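Just protein-v5.cif here, mmCIF, C-alpha atoms (C1' of nucleotides):
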```cif
data_run
loop_
_atom_site.label_atom_id
_atom_site.label_comp_id
_atom_site.auth_asym_id
_atom_site.auth_seq_id
_atom_site.Cartn_x
_atom_site.Cartn_y
_atom_site.Cartn_z
CA MET A 6 0.00 0.00 0.00
CA ILE A 7 1.48 3.28 -1.17
CA LYS A 8 1.32 6.38 0.98
CA SER A 9 -1.40 8.80 -0.08
CA GLY A 10 0.47 11.31 -2.22
CA LYS A 11 -0.89 14.39 -0.46
CA ARG A 12 -0.17 16.91 -3.25
CA SER A 13 2.51 19.07 -1.67
CA SER A 14 2.81 22.79 -2.39
CA SER A 15 5.38 24.32 -4.70
CA ALA A 16 7.20 25.71 -1.71
CA VAL A 17 7.42 22.30 -0.08
CA GLU A 18 8.69 20.81 -3.30
CA ASP A 19 11.29 23.54 -3.64
CA TYR A 20 12.59 22.89 -0.15
CA LEU A 21 12.74 19.12 -0.58
CA GLU A 22 14.46 19.47 -3.92
CA ARG A 23 17.07 21.80 -2.51
CA ILE A 24 17.64 19.71 0.58
CA GLN A 25 18.30 16.65 -1.53
CA GLU A 26 20.66 18.61 -3.76
CA LEU A 27 22.58 19.90 -0.78
CA ILE A 28 22.90 16.42 0.64
CA ASP A 29 24.08 15.14 -2.71
CA SER A 30 26.62 17.90 -3.15
CA LYS A 31 28.00 18.57 0.34
CA GLY A 32 26.78 15.66 2.36
CA TYR A 33 24.48 17.59 4.67
CA ALA A 34 21.78 20.23 4.73
CA ARG A 35 21.39 22.46 7.76
CA VAL A 36 18.96 25.31 8.18
CA VAL A 37 21.64 27.82 7.31
CA ASP A 38 22.66 25.95 4.17
CA ILE A 39 19.11 25.81 2.91
CA ALA A 40 18.59 29.49 3.64
CA LEU A 41 21.71 30.51 1.73
CA SER A 42 20.94 28.20 -1.12
CA LEU A 43 17.34 29.35 -1.56
CA GLY A 44 18.19 32.97 -0.84
CA ILE A 45 15.74 33.35 2.01
CA SER A 46 16.11 34.01 5.73
CA GLN A 47 17.09 31.38 8.28
CA ALA A 48 13.92 32.17 10.20
CA SER A 49 11.76 31.28 7.24
CA VAL A 50 13.64 28.04 6.81
CA THR A 51 13.23 27.15 10.48
CA ASN A 52 9.49 27.55 10.08
CA MET A 53 9.27 25.43 7.01
CA VAL A 54 11.53 22.77 8.46
CA LYS A 55 9.15 22.45 11.38
CA ARG A 56 6.34 21.87 8.92
CA LEU A 57 8.30 19.41 6.81
CA ASP A 58 9.20 17.49 9.95
CA ALA A 59 5.64 17.51 11.28
CA GLU A 60 4.36 16.25 7.96
CA GLY A 61 6.89 13.46 7.84
CA PHE A 62 9.04 14.63 4.93
CA VAL A 63 12.26 15.14 6.89
CA LYS A 64 13.92 14.42 10.20
CA HIS A 65 15.74 17.35 11.75
CA GLU A 66 18.55 17.38 14.26
CA ARG A 67 19.63 20.87 15.35
CA TYR A 68 23.11 21.82 14.24
CA ARG A 69 23.45 18.45 12.54
CA GLY A 70 21.19 18.85 9.57
CA LEU A 71 18.22 17.21 7.92
CA ILE A 72 17.64 13.88 6.39
CA LEU A 73 14.76 13.08 4.08
CA THR A 74 12.29 10.36 4.93
CA ASP A 75 11.38 7.89 2.21
CA GLU A 76 8.39 9.99 1.35
CA GLY A 77 10.37 13.23 1.30
CA ARG A 78 13.05 11.66 -0.83
CA ALA A 79 10.49 10.34 -3.30
CA ILE A 80 9.10 13.83 -3.77
CA ALA A 81 12.54 15.38 -4.05
CA ARG A 82 13.61 12.84 -6.63
CA ALA A 83 10.49 13.41 -8.67
CA VAL A 84 11.00 17.17 -8.67
CA ILE A 85 14.65 16.84 -9.55
CA ASP A 86 13.66 14.58 -12.42
CA ARG A 87 11.12 17.02 -13.75
CA HIS A 88 13.69 19.76 -13.42
CA ARG A 89 16.30 17.82 -15.32
CA ILE A 90 14.04 16.85 -18.16
CA LEU A 91 12.44 20.25 -18.59
CA THR A 92 15.89 21.82 -18.60
CA GLU A 93 17.11 19.42 -21.25
CA PHE A 94 14.01 20.09 -23.31
CA LEU A 95 14.27 23.87 -23.32
CA ARG A 96 18.02 23.76 -23.89
CA LEU A 97 17.53 21.53 -26.88
CA LEU A 98 15.14 24.09 -28.27
CA GLY A 99 17.85 26.72 -27.97
CA ILE A 100 16.35 28.80 -25.18
CA SER A 101 18.86 31.02 -23.39
CA GLU A 102 20.22 29.69 -20.14
CA SER A 103 18.64 32.37 -17.98
CA GLU A 104 15.23 31.84 -19.51
CA VAL A 105 15.56 28.09 -19.19
CA GLU A 106 16.15 28.55 -15.49
CA ARG A 107 13.21 30.87 -14.93
CA ASP A 108 10.82 28.81 -16.98
CA VAL A 109 11.85 25.51 -15.46
CA GLU A 110 11.63 26.78 -11.90
CA GLY A 111 8.11 27.89 -12.60
CA MET A 112 6.92 24.89 -14.52
CA GLU A 113 8.53 22.03 -12.66
CA HIS A 114 5.79 21.89 -10.06
CA HIS A 115 3.00 21.52 -12.56
CA LEU A 116 3.94 18.63 -14.79
CA SER A 117 2.19 15.26 -14.56
CA SER A 118 4.25 12.17 -15.08
CA SER A 119 2.47 11.49 -18.34
CA SER A 120 3.52 14.85 -19.70
CA LEU A 121 6.98 14.33 -18.34
CA GLY A 122 7.28 10.99 -20.10
CA ALA A 123 6.11 12.50 -23.36
CA ILE A 124 8.62 15.32 -23.17
CA GLU A 125 11.34 12.85 -22.35
CA SER A 126 10.50 10.86 -25.44
CA LEU A 127 10.51 14.04 -27.46
CA CYS A 128 13.95 14.92 -26.15
CA ARG A 129 15.28 11.55 -27.24
CA GLU A 130 13.90 12.12 -30.69
CA LEU A 131 15.25 15.65 -30.96
CA THR A 132 18.64 14.48 -29.76
CA SER A 133 18.96 11.64 -32.23
CA ASN A 134 17.56 13.59 -35.14
CA ARG A 135 19.60 16.74 -35.70
CA GLU A 136 17.82 17.57 -38.89
CA LEU A 137 14.52 17.69 -37.07
CA LEU A 138 16.07 19.83 -34.37
CA GLN A 139 17.35 22.28 -36.97
CA LYS A 140 13.97 22.47 -38.56
CA VAL A 141 12.21 23.14 -35.28
CA ARG A 142 14.74 25.75 -34.25
CA SER A 143 14.53 27.57 -37.52
CA GLY A 144 10.75 27.68 -37.26
CA MET A 145 10.84 29.84 -34.14
CA LYS A 146 9.92 33.48 -34.53
CA MET B 14 7.66 53.70 -24.97
CA ILE B 15 6.09 50.48 -23.75
CA LYS B 16 4.54 50.24 -20.29
CA SER B 17 6.78 48.53 -17.74
CA GLY B 18 5.53 44.96 -17.75
CA LYS B 19 5.15 44.74 -13.98
CA ARG B 20 5.22 40.92 -13.78
CA SER B 21 1.70 40.15 -12.61
CA SER B 22 0.92 37.23 -10.30
CA SER B 23 -0.61 33.95 -11.42
CA ALA B 24 -3.86 34.92 -9.76
CA VAL B 25 -4.00 38.21 -11.63
CA GLU B 26 -3.29 36.43 -14.88
CA ASP B 27 -6.02 33.88 -14.18
CA TYR B 28 -8.54 36.61 -13.57
CA LEU B 29 -7.62 38.59 -16.67
CA GLU B 30 -7.68 35.46 -18.80
CA ARG B 31 -11.10 34.50 -17.56
CA ILE B 32 -12.51 37.98 -17.89
CA GLN B 33 -11.41 38.13 -21.51
CA GLU B 34 -12.89 34.70 -22.18
CA LEU B 35 -16.20 35.71 -20.65
CA ILE B 36 -16.32 38.86 -22.71
CA ASP B 37 -15.51 36.87 -25.82
CA SER B 38 -18.15 34.25 -25.11
CA LYS B 39 -21.06 36.12 -23.57
CA GLY B 40 -20.25 39.72 -24.22
CA TYR B 41 -19.77 40.78 -20.62
CA ALA B 42 -18.07 39.81 -17.38
CA ARG B 43 -19.62 40.78 -14.09
CA VAL B 44 -18.36 39.89 -10.64
CA VAL B 45 -20.88 37.07 -10.39
CA ASP B 46 -19.89 35.65 -13.76
CA ILE B 47 -16.23 35.59 -12.86
CA ALA B 48 -16.97 33.98 -9.51
CA LEU B 49 -19.03 31.21 -11.07
CA SER B 50 -16.55 30.67 -13.83
CA LEU B 51 -13.51 30.45 -11.55
CA GLY B 52 -15.39 28.54 -8.87
CA ILE B 53 -14.67 31.03 -6.10
CA SER B 54 -16.82 33.33 -3.99
CA GLN B 55 -18.21 36.65 -5.18
CA ALA B 56 -16.54 38.33 -2.23
CA SER B 57 -13.12 37.14 -3.33
CA VAL B 58 -13.79 38.40 -6.82
CA THR B 59 -14.90 41.80 -5.54
CA ASN B 60 -11.60 42.11 -3.73
CA MET B 61 -9.52 41.17 -6.70
CA VAL B 62 -11.50 43.39 -9.03
CA LYS B 63 -10.70 46.32 -6.78
CA ARG B 64 -7.03 45.48 -7.13
CA LEU B 65 -7.20 44.99 -10.89
CA ASP B 66 -8.94 48.32 -11.22
CA ALA B 67 -6.50 50.12 -8.95
CA GLU B 68 -3.60 48.70 -10.93
CA GLY B 69 -5.10 49.74 -14.21
CA PHE B 70 -5.89 46.37 -15.71
CA VAL B 71 -9.66 46.78 -15.85
CA LYS B 72 -12.44 49.32 -15.54
CA HIS B 73 -15.38 48.25 -13.44
CA GLU B 74 -18.94 49.46 -13.48
CA ARG B 75 -21.16 47.91 -10.81
CA TYR B 76 -23.90 45.69 -12.20
CA ARG B 77 -22.66 46.39 -15.72
CA GLY B 78 -19.43 44.43 -15.81
CA LEU B 79 -15.76 44.91 -16.49
CA ILE B 80 -13.79 45.94 -19.48
CA LEU B 81 -10.09 45.38 -19.87
CA THR B 82 -7.70 48.25 -20.40
CA ASP B 83 -5.12 47.95 -23.15
CA GLU B 84 -2.64 46.69 -20.62
CA GLY B 85 -5.05 44.18 -19.13
CA ARG B 86 -6.05 42.96 -22.53
CA ALA B 87 -2.44 42.51 -23.56
CA ILE B 88 -1.82 40.31 -20.53
CA ALA B 89 -5.02 38.35 -21.06
CA ARG B 90 -4.20 37.74 -24.69
CA ALA B 91 -0.73 36.56 -23.83
CA VAL B 92 -2.02 34.11 -21.23
CA ILE B 93 -4.71 32.82 -23.56
CA ASP B 94 -2.05 32.30 -26.19
CA ARG B 95 0.19 30.36 -23.84
CA HIS B 96 -2.82 28.34 -22.78
CA ARG B 97 -3.79 27.50 -26.33
CA ILE B 98 -0.33 26.48 -27.42
CA LEU B 99 0.46 24.42 -24.34
CA THR B 100 -2.86 22.67 -24.72
CA GLU B 101 -2.20 21.88 -28.34
CA PHE B 102 1.26 20.62 -27.45
CA LEU B 103 0.18 18.22 -24.73
CA ARG B 104 -2.79 17.00 -26.75
CA LEU B 105 -0.53 16.24 -29.66
CA LEU B 106 1.59 14.15 -27.34
CA GLY B 107 -1.48 12.14 -26.43
CA ILE B 108 -1.91 13.29 -22.84
CA SER B 109 -5.40 12.71 -21.43
CA GLU B 110 -7.72 15.67 -21.48
CA SER B 111 -7.93 16.02 -17.71
CA GLU B 112 -4.18 15.94 -17.31
CA VAL B 113 -3.76 18.42 -20.13
CA GLU B 114 -6.02 20.79 -18.28
CA ARG B 115 -4.28 20.44 -14.94
CA ASP B 116 -0.81 20.72 -16.39
CA VAL B 117 -1.63 23.67 -18.61
CA GLU B 118 -3.35 25.62 -15.84
CA GLY B 119 -0.23 25.21 -13.75
CA MET B 120 2.35 25.88 -16.42
CA GLU B 121 0.78 28.69 -18.38
CA HIS B 122 2.01 31.35 -16.01
CA HIS B 123 5.63 30.34 -16.25
CA LEU B 124 6.47 30.23 -19.91
CA SER B 125 8.64 32.89 -21.55
CA SER B 126 7.79 33.93 -25.05
CA SER B 127 10.96 32.30 -26.34
CA SER B 128 9.89 28.97 -24.95
CA LEU B 129 6.42 29.51 -26.23
CA GLY B 130 7.70 30.18 -29.72
CA ALA B 131 9.83 27.07 -29.64
CA ILE B 132 6.93 24.88 -28.55
CA GLU B 133 4.79 26.42 -31.23
CA SER B 134 7.33 25.51 -33.84
CA LEU B 135 7.51 22.02 -32.42
CA CYS B 136 3.74 21.69 -32.68
CA ARG B 137 3.83 22.65 -36.33
CA GLU B 138 6.45 20.01 -36.95
CA LEU B 139 4.59 17.32 -35.04
CA THR B 140 1.40 18.18 -36.85
CA SER B 141 2.86 17.99 -40.31
CA ASN B 142 4.93 14.91 -39.64
CA ARG B 143 2.66 12.10 -38.44
CA GLU B 144 5.45 9.57 -38.55
CA LEU B 145 7.49 11.61 -36.12
CA LEU B 146 4.47 11.98 -33.90
CA GLN B 147 3.95 8.23 -33.85
CA LYS B 148 7.55 7.68 -32.97
CA VAL B 149 7.46 10.13 -30.11
CA ARG B 150 4.22 8.74 -28.77
CA SER B 151 5.44 5.20 -28.88
CA GLY B 152 8.59 6.16 -26.99
CA MET B 153 6.61 7.17 -23.89
CA LYS B 154 6.72 4.83 -20.94
"C1'" DT C 18 -44.15 51.35 -8.21
"C1'" DA C 19 -43.22 48.44 -4.25
"C1'" DA C 20 -41.33 44.32 -3.01
"C1'" DA C 21 -38.57 40.23 -4.24
"C1'" DG C 22 -34.55 38.64 -6.00
"C1'" DA C 23 -29.99 39.16 -7.88
"C1'" DA C 24 -25.61 41.34 -7.66
"C1'" DA C 25 -22.19 43.50 -5.11
"C1'" DT C 26 -19.81 44.98 -1.14
"C1'" DT C 27 -18.12 45.02 3.68
"C1'" DA C 28 -16.30 43.12 7.80
"C1'" DG C 29 -13.77 39.90 9.83
"C1'" DC C 30 -11.55 35.65 9.54
"C1'" DC C 31 -7.77 32.05 7.94
"C1'" DA C 32 -3.41 29.74 6.07
"C1'" DA C 33 0.80 29.97 3.47
"C1'" DG C 34 5.19 31.87 3.28
"C1'" DG C 35 7.87 35.46 3.44
"C1'" DC C 36 10.47 39.23 6.59
"C1'" DT C 37 13.39 41.57 10.72
"C1'" DA C 38 15.02 41.89 15.33
"C1'" DA C 39 16.01 39.75 19.47
"C1'" DT C 40 17.27 35.73 21.90
"C1'" DT C 41 18.91 31.14 22.82
"C1'" DT C 42 21.71 27.22 22.02
"C1'" DT C 43 25.62 24.87 20.32
"C1'" DT C 44 30.18 24.68 18.47
"C1'" DA C 45 34.79 26.12 18.00
"C1'" DT C 46 38.78 28.64 19.42
"C1'" DG C 47 42.47 31.51 21.90
"C1'" DC D 20 37.68 26.32 29.65
"C1'" DA D 21 35.76 30.67 28.87
"C1'" DT D 22 34.06 33.16 25.42
"C1'" DA D 23 33.31 34.57 20.64
"C1'" DA D 24 31.13 33.16 16.61
"C1'" DA D 25 27.88 30.49 14.23
"C1'" DA D 26 23.50 28.28 13.98
"C1'" DA D 27 18.91 28.07 15.28
"C1'" DT D 28 14.73 29.63 17.21
"C1'" DT D 29 11.09 32.84 18.77
"C1'" DA D 30 8.10 36.69 18.52
"C1'" DG D 31 5.72 39.62 15.91
"C1'" DC D 32 4.73 41.50 11.63
"C1'" DC D 33 3.30 41.66 6.41
"C1'" DT D 34 1.02 40.39 1.82
"C1'" DT D 35 -1.67 37.36 -1.07
"C1'" DG D 36 -5.66 35.36 -1.94
"C1'" DG D 37 -9.01 32.59 -0.31
"C1'" DC D 38 -13.57 32.05 2.91
"C1'" DT D 39 -18.49 33.06 5.32
"C1'" DA D 40 -22.04 35.97 7.06
"C1'" DA D 41 -24.25 40.18 6.98
"C1'" DT D 42 -25.56 44.12 4.57
"C1'" DT D 43 -26.28 47.28 0.80
"C1'" DT D 44 -27.49 48.46 -3.79
"C1'" DC D 45 -29.55 47.79 -8.06
"C1'" DT D 46 -32.82 45.45 -11.27
"C1'" DT D 47 -36.89 43.14 -12.36
"C1'" DT D 48 -41.41 41.93 -12.08
"C1'" DA D 49 -46.17 41.27 -10.20
#
```

Can you present the structure in this file as structure tokens?
Amino acid sequence: MIKSGKRSSSAVEDYLERIQELIDSKGYARVVDIALSLGISQASVTNMVKRLDAEGFVKHERYRGLILTDEGRAIARAVIDRHRILTEFLRLLGISESEVERDVEGMEHHLSSSSLGAIESLCRELTSNRELLQKVRSGMK
Amino acid sequence: MIKSGKRSSSAVEDYLERIQELIDSKGYARVVDIALSLGISQASVTNMVKRLDAEGFVKHERYRGLILTDEGRAIARAVIDRHRILTEFLRLLGISESEVERDVEGMEHHLSSSSLGAIESLCRELTSNRELLQKVRSGMK
DNA sequence: TAAAGAAATTAGCCAAGGCTAATTTTTATG
DNA sequence: CATAAAAATTAGCCTTGGCTAATTTCTTTA
């Protein structure tokens, strides 16, 4: 039996994504690290961490850092996946790096896995078919 | 000299989009029409309409309805465009109608015009090249 | 044209997520 | 090992954008 799913907010997804990335890159994620990385205040992070802990997405040990629960990690992984694929997609289409970032950050919380799978397939096709890619790119106004 | 741009919120964009659609379809958009159409309370709409009016996106006449200013109409048109193209895109990829709707509603506020143009071009290609479309669709897990 | 009904507004509330300033707790260092 | 520095928390505030209930204003109709 799979845990409910609970549709988490964009903010929650952003936090979980960043926490996982911090753990992957530096081995730990403390309140201060998250705050710096997201560009928000430590106080705001403390609040959200309380919520994430209460809702079972993370376990927090003061001054030690956070770890993600299975559920939290599943969400983080899903968001990171959507992020990666959307980024690849827009880059393939020749969108400028700064726009890719803005667009992806906005869209990554609103993509069903069906749509994600379709875009992934499209990326494969665009990657293996340069002629097609050229054609698409040249058709942009 | 073009007016600043002002990056309006998703909520503002949703309202302007819906107001324009109501005007297009029934000729007018009153508070009650917007409330019914968005599935929220009249009181909430009254509040937002005050804001939209104060910020110069609409003109409101009680019991008569709203009209969009040039600026409001420009935003509405842009959102409706993004909506239309994203919808076409996901439909082409074979996503189910309900998922198309959910995904588009979420994503339509976060798409730059570059990305929009690219997706538009991609739609043209997918439409005129059924073989490609088949290939992409069959590559989805 | 007066009264019923529809439309709109007001008042007061709530939750999510931000913020700063002040304080507490832990770690690290001279 | 005392204390400075770093990390975390608390308290209190703000904005956005919802809500309900009560009230007001306009329109419609008997």

Could you produce a table of the residues of chain D lying within 9 Å of chain A, with the nearest pair of atoms per residue and their separation in Å rounded to one decimal, using all atoms listed in the file, ordered by chain and increasing residue number, as a Markdown table?
```
| residue | atom | partner | partner_atom | distance |
| --- | --- | --- | --- | --- |
| D:DA26 | C1' | A:Tyr68 | CA | 6.5 |
| D:DA27 | C1' | A:Arg67 | CA | 7.2 |
| D:DT28 | C1' | A:Thr51 | CA | 7.3 |
```

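Those residues of chain B that fall within 6 Å of chain A when using all atoms listed in the file read Asp116, Gly119, Met120, His123, Leu124, Gly130, Ala131, Ser134, Leu135, Val149, Gly152 and Met153 of chain B.
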
The coordinates of chain B, once least-squares superposed on chain A over all sequentially paired C-alpha atoms, should be supplied as an mmCIF file with C-alpha atoms, keeping the file's coordinate frame.
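In the end it all went to out29.cif:
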```cif
data_model
loop_
_atom_site.group_PDB
_atom_site.id
_atom_site.type_symbol
_atom_site.label_atom_id
_atom_site.label_comp_id
_atom_site.auth_asym_id
_atom_site.auth_seq_id
_atom_site.Cartn_x
_atom_site.Cartn_y
_atom_site.Cartn_z
ATOM 1 C CA MET B 14 -0.143 0.014 -0.086
ATOM 2 C CA ILE B 15 1.392 3.283 -1.216
ATOM 3 C CA LYS B 16 1.223 6.388 0.966
ATOM 4 C CA SER B 17 -1.474 8.846 -0.100
ATOM 5 C CA GLY B 18 0.420 11.334 -2.229
ATOM 6 C CA LYS B 19 -0.904 14.390 -0.408
ATOM 7 C CA ARG B 20 -0.188 16.887 -3.217
ATOM 8 C CA SER B 21 2.496 19.053 -1.651
ATOM 9 C CA SER B 22 2.789 22.774 -2.385
ATOM 10 C CA SER B 23 5.359 24.313 -4.705
ATOM 11 C CA ALA B 24 7.195 25.709 -1.715
ATOM 12 C CA VAL B 25 7.414 22.302 -0.077
ATOM 13 C CA GLU B 26 8.671 20.797 -3.300
ATOM 14 C CA ASP B 27 11.290 23.529 -3.654
ATOM 15 C CA TYR B 28 12.570 22.879 -0.174
ATOM 16 C CA LEU B 29 12.726 19.114 -0.590
ATOM 17 C CA GLU B 30 14.449 19.463 -3.943
ATOM 18 C CA ARG B 31 17.059 21.776 -2.531
ATOM 19 C CA ILE B 32 17.636 19.701 0.562
ATOM 20 C CA GLN B 33 18.286 16.635 -1.563
ATOM 21 C CA GLU B 34 20.644 18.594 -3.801
ATOM 22 C CA LEU B 35 22.581 19.881 -0.816
ATOM 23 C CA ILE B 36 22.899 16.413 0.616
ATOM 24 C CA ASP B 37 24.055 15.120 -2.743
ATOM 25 C CA SER B 38 26.608 17.882 -3.185
ATOM 26 C CA LYS B 39 28.000 18.553 0.271
ATOM 27 C CA GLY B 40 26.778 15.652 2.303
ATOM 28 C CA TYR B 41 24.498 17.591 4.618
ATOM 29 C CA ALA B 42 21.789 20.233 4.684
ATOM 30 C CA ARG B 43 21.422 22.462 7.694
ATOM 31 C CA VAL B 44 18.979 25.314 8.119
ATOM 32 C CA VAL B 45 21.681 27.827 7.251
ATOM 33 C CA ASP B 46 22.669 25.945 4.115
ATOM 34 C CA ILE B 47 19.118 25.815 2.858
ATOM 35 C CA ALA B 48 18.610 29.498 3.592
ATOM 36 C CA LEU B 49 21.720 30.514 1.683
ATOM 37 C CA SER B 50 20.948 28.203 -1.167
ATOM 38 C CA LEU B 51 17.345 29.351 -1.602
ATOM 39 C CA GLY B 52 18.192 32.979 -0.903
ATOM 40 C CA ILE B 53 15.755 33.355 1.980
ATOM 41 C CA SER B 54 16.137 34.013 5.693
ATOM 42 C CA GLN B 55 17.120 31.386 8.243
ATOM 43 C CA ALA B 56 13.967 32.179 10.177
ATOM 44 C CA SER B 57 11.781 31.300 7.214
ATOM 45 C CA VAL B 58 13.649 28.053 6.783
ATOM 46 C CA THR B 59 13.258 27.168 10.457
ATOM 47 C CA ASN B 60 9.523 27.576 10.078
ATOM 48 C CA MET B 61 9.281 25.447 7.006
ATOM 49 C CA VAL B 62 11.538 22.779 8.444
ATOM 50 C CA LYS B 63 9.167 22.474 11.372
ATOM 51 C CA ARG B 64 6.348 21.885 8.922
ATOM 52 C CA LEU B 65 8.303 19.402 6.819
ATOM 53 C CA ASP B 66 9.199 17.496 9.948
ATOM 54 C CA ALA B 67 5.660 17.526 11.299
ATOM 55 C CA GLU B 68 4.373 16.248 7.973
ATOM 56 C CA GLY B 69 6.912 13.486 7.851
ATOM 57 C CA PHE B 70 9.035 14.625 4.948
ATOM 58 C CA VAL B 71 12.259 15.135 6.884
ATOM 59 C CA LYS B 72 13.942 14.438 10.194
ATOM 60 C CA HIS B 73 15.774 17.354 11.722
ATOM 61 C CA GLU B 74 18.590 17.396 14.213
ATOM 62 C CA ARG B 75 19.653 20.872 15.331
ATOM 63 C CA TYR B 76 23.149 21.832 14.223
ATOM 64 C CA ARG B 77 23.508 18.469 12.497
ATOM 65 C CA GLY B 78 21.206 18.869 9.527
ATOM 66 C CA LEU B 79 18.237 17.216 7.911
ATOM 67 C CA ILE B 80 17.652 13.879 6.361
ATOM 68 C CA LEU B 81 14.762 13.080 4.089
ATOM 69 C CA THR B 82 12.287 10.356 4.918
ATOM 70 C CA ASP B 83 11.370 7.881 2.209
ATOM 71 C CA GLU B 84 8.374 9.990 1.364
ATOM 72 C CA GLY B 85 10.350 13.217 1.276
ATOM 73 C CA ARG B 86 13.025 11.647 -0.829
ATOM 74 C CA ALA B 87 10.476 10.320 -3.286
ATOM 75 C CA ILE B 88 9.072 13.814 -3.762
ATOM 76 C CA ALA B 89 12.518 15.365 -4.053
ATOM 77 C CA ARG B 90 13.587 12.826 -6.628
ATOM 78 C CA ALA B 91 10.472 13.403 -8.662
ATOM 79 C CA VAL B 92 10.967 17.168 -8.674
ATOM 80 C CA ILE B 93 14.633 16.835 -9.557
ATOM 81 C CA ASP B 94 13.643 14.568 -12.410
ATOM 82 C CA ARG B 95 11.089 17.017 -13.745
ATOM 83 C CA HIS B 96 13.666 19.756 -13.402
ATOM 84 C CA ARG B 97 16.296 17.832 -15.307
ATOM 85 C CA ILE B 98 14.033 16.847 -18.154
ATOM 86 C CA LEU B 99 12.429 20.253 -18.577
ATOM 87 C CA THR B 100 15.863 21.814 -18.584
ATOM 88 C CA GLU B 101 17.106 19.431 -21.218
ATOM 89 C CA PHE B 102 14.004 20.082 -23.293
ATOM 90 C CA LEU B 103 14.253 23.858 -23.303
ATOM 91 C CA ARG B 104 18.005 23.779 -23.859
ATOM 92 C CA LEU B 105 17.540 21.542 -26.848
ATOM 93 C CA LEU B 106 15.137 24.090 -28.256
ATOM 94 C CA GLY B 107 17.832 26.724 -27.950
ATOM 95 C CA ILE B 108 16.322 28.809 -25.163
ATOM 96 C CA SER B 109 18.829 31.031 -23.352
ATOM 97 C CA GLU B 110 20.183 29.697 -20.106
ATOM 98 C CA SER B 111 18.583 32.361 -17.933
ATOM 99 C CA GLU B 112 15.184 31.848 -19.486
ATOM 100 C CA VAL B 113 15.532 28.098 -19.167
ATOM 101 C CA GLU B 114 16.110 28.543 -15.477
ATOM 102 C CA ARG B 115 13.180 30.869 -14.915
ATOM 103 C CA ASP B 116 10.776 28.807 -16.962
ATOM 104 C CA VAL B 117 11.817 25.503 -15.443
ATOM 105 C CA GLU B 118 11.609 26.775 -11.868
ATOM 106 C CA GLY B 119 8.066 27.880 -12.573
ATOM 107 C CA MET B 120 6.892 24.865 -14.514
ATOM 108 C CA GLU B 121 8.494 22.016 -12.638
ATOM 109 C CA HIS B 122 5.760 21.869 -10.049
ATOM 110 C CA HIS B 123 2.973 21.479 -12.551
ATOM 111 C CA LEU B 124 3.925 18.604 -14.774
ATOM 112 C CA SER B 125 2.189 15.227 -14.538
ATOM 113 C CA SER B 126 4.266 12.150 -15.058
ATOM 114 C CA SER B 127 2.482 11.458 -18.331
ATOM 115 C CA SER B 128 3.533 14.809 -19.686
ATOM 116 C CA LEU B 129 6.983 14.312 -18.336
ATOM 117 C CA GLY B 130 7.302 10.981 -20.088
ATOM 118 C CA ALA B 131 6.133 12.474 -23.347
ATOM 119 C CA ILE B 132 8.641 15.315 -23.166
ATOM 120 C CA GLU B 133 11.348 12.842 -22.336
ATOM 121 C CA SER B 134 10.540 10.859 -25.419
ATOM 122 C CA LEU B 135 10.535 14.042 -27.442
ATOM 123 C CA CYS B 136 13.981 14.919 -26.120
ATOM 124 C CA ARG B 137 15.333 11.563 -27.196
ATOM 125 C CA GLU B 138 13.951 12.126 -30.659
ATOM 126 C CA LEU B 139 15.304 15.653 -30.927
ATOM 127 C CA THR B 140 18.679 14.496 -29.717
ATOM 128 C CA SER B 141 19.024 11.678 -32.182
ATOM 129 C CA ASN B 142 17.634 13.609 -35.108
ATOM 130 C CA ARG B 143 19.689 16.771 -35.624
ATOM 131 C CA GLU B 144 17.904 17.610 -38.834
ATOM 132 C CA LEU B 145 14.584 17.705 -37.047
ATOM 133 C CA LEU B 146 16.105 19.839 -34.342
ATOM 134 C CA GLN B 147 17.382 22.316 -36.906
ATOM 135 C CA LYS B 148 14.002 22.488 -38.514
ATOM 136 C CA VAL B 149 12.233 23.142 -35.253
ATOM 137 C CA ARG B 150 14.740 25.755 -34.197
ATOM 138 C CA SER B 151 14.540 27.580 -37.462
ATOM 139 C CA GLY B 152 10.751 27.681 -37.246
ATOM 140 C CA MET B 153 10.831 29.842 -34.103
ATOM 141 C CA LYS B 154 9.936 33.480 -34.493
#
```

For the file shown, report as a PyMOL selection string the outcome of the PyMOL selection byres ((chain C) within 12 of (chain A)) at residue level. chain C and resi 33-38+42-44

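With CA of Gly85 in chain B on one side and CA of His73 in chain B on the other, the separation reads 12.5 Å.
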
Could you name the residues that touch Ala87 in chain B at 12 Å or less, counting all atoms listed in the file, but leaving out those on the same chain fewer than 4 positions away, as an NGL selection string? :B and (15-16 or 18 or 21 or 26 or 29-30 or 33 or 70-71 or 81-83 or 91-94)

Show me the residues around (-44.6, 50.9, -8.5) - criterion: an atom at most 12 Å away, only C-alpha atoms (C1' of nucleotides) counted - as JSON, numbers by chain. {"C": [18, 19, 20], "D": [47, 48, 49]}

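Taking C1' of DT26 in chain C and CA of Ile36 in chain B as the two end points, the separation is 22.7 Å.
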
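For the structure in this document, the set picked by the PyMOL selection byres ((chain D and resi 44) around 12) is Arg75 and Tyr76 of chain B; DA23, DA24, DA25 and DT26 of chain C; DT42, DT43, DC45 and DT46 of chain D.
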
Using Å and a single decimal, report how far C1' of DT34 in chain D sits from CA of Lys72 in chain B. 23.7 Å

Selection under test: the PyMOL selection byres ((chain D and resi 38) around 8); residues as a ChimeraX atom specification: /B:54 /C:30-31 /D:37,39
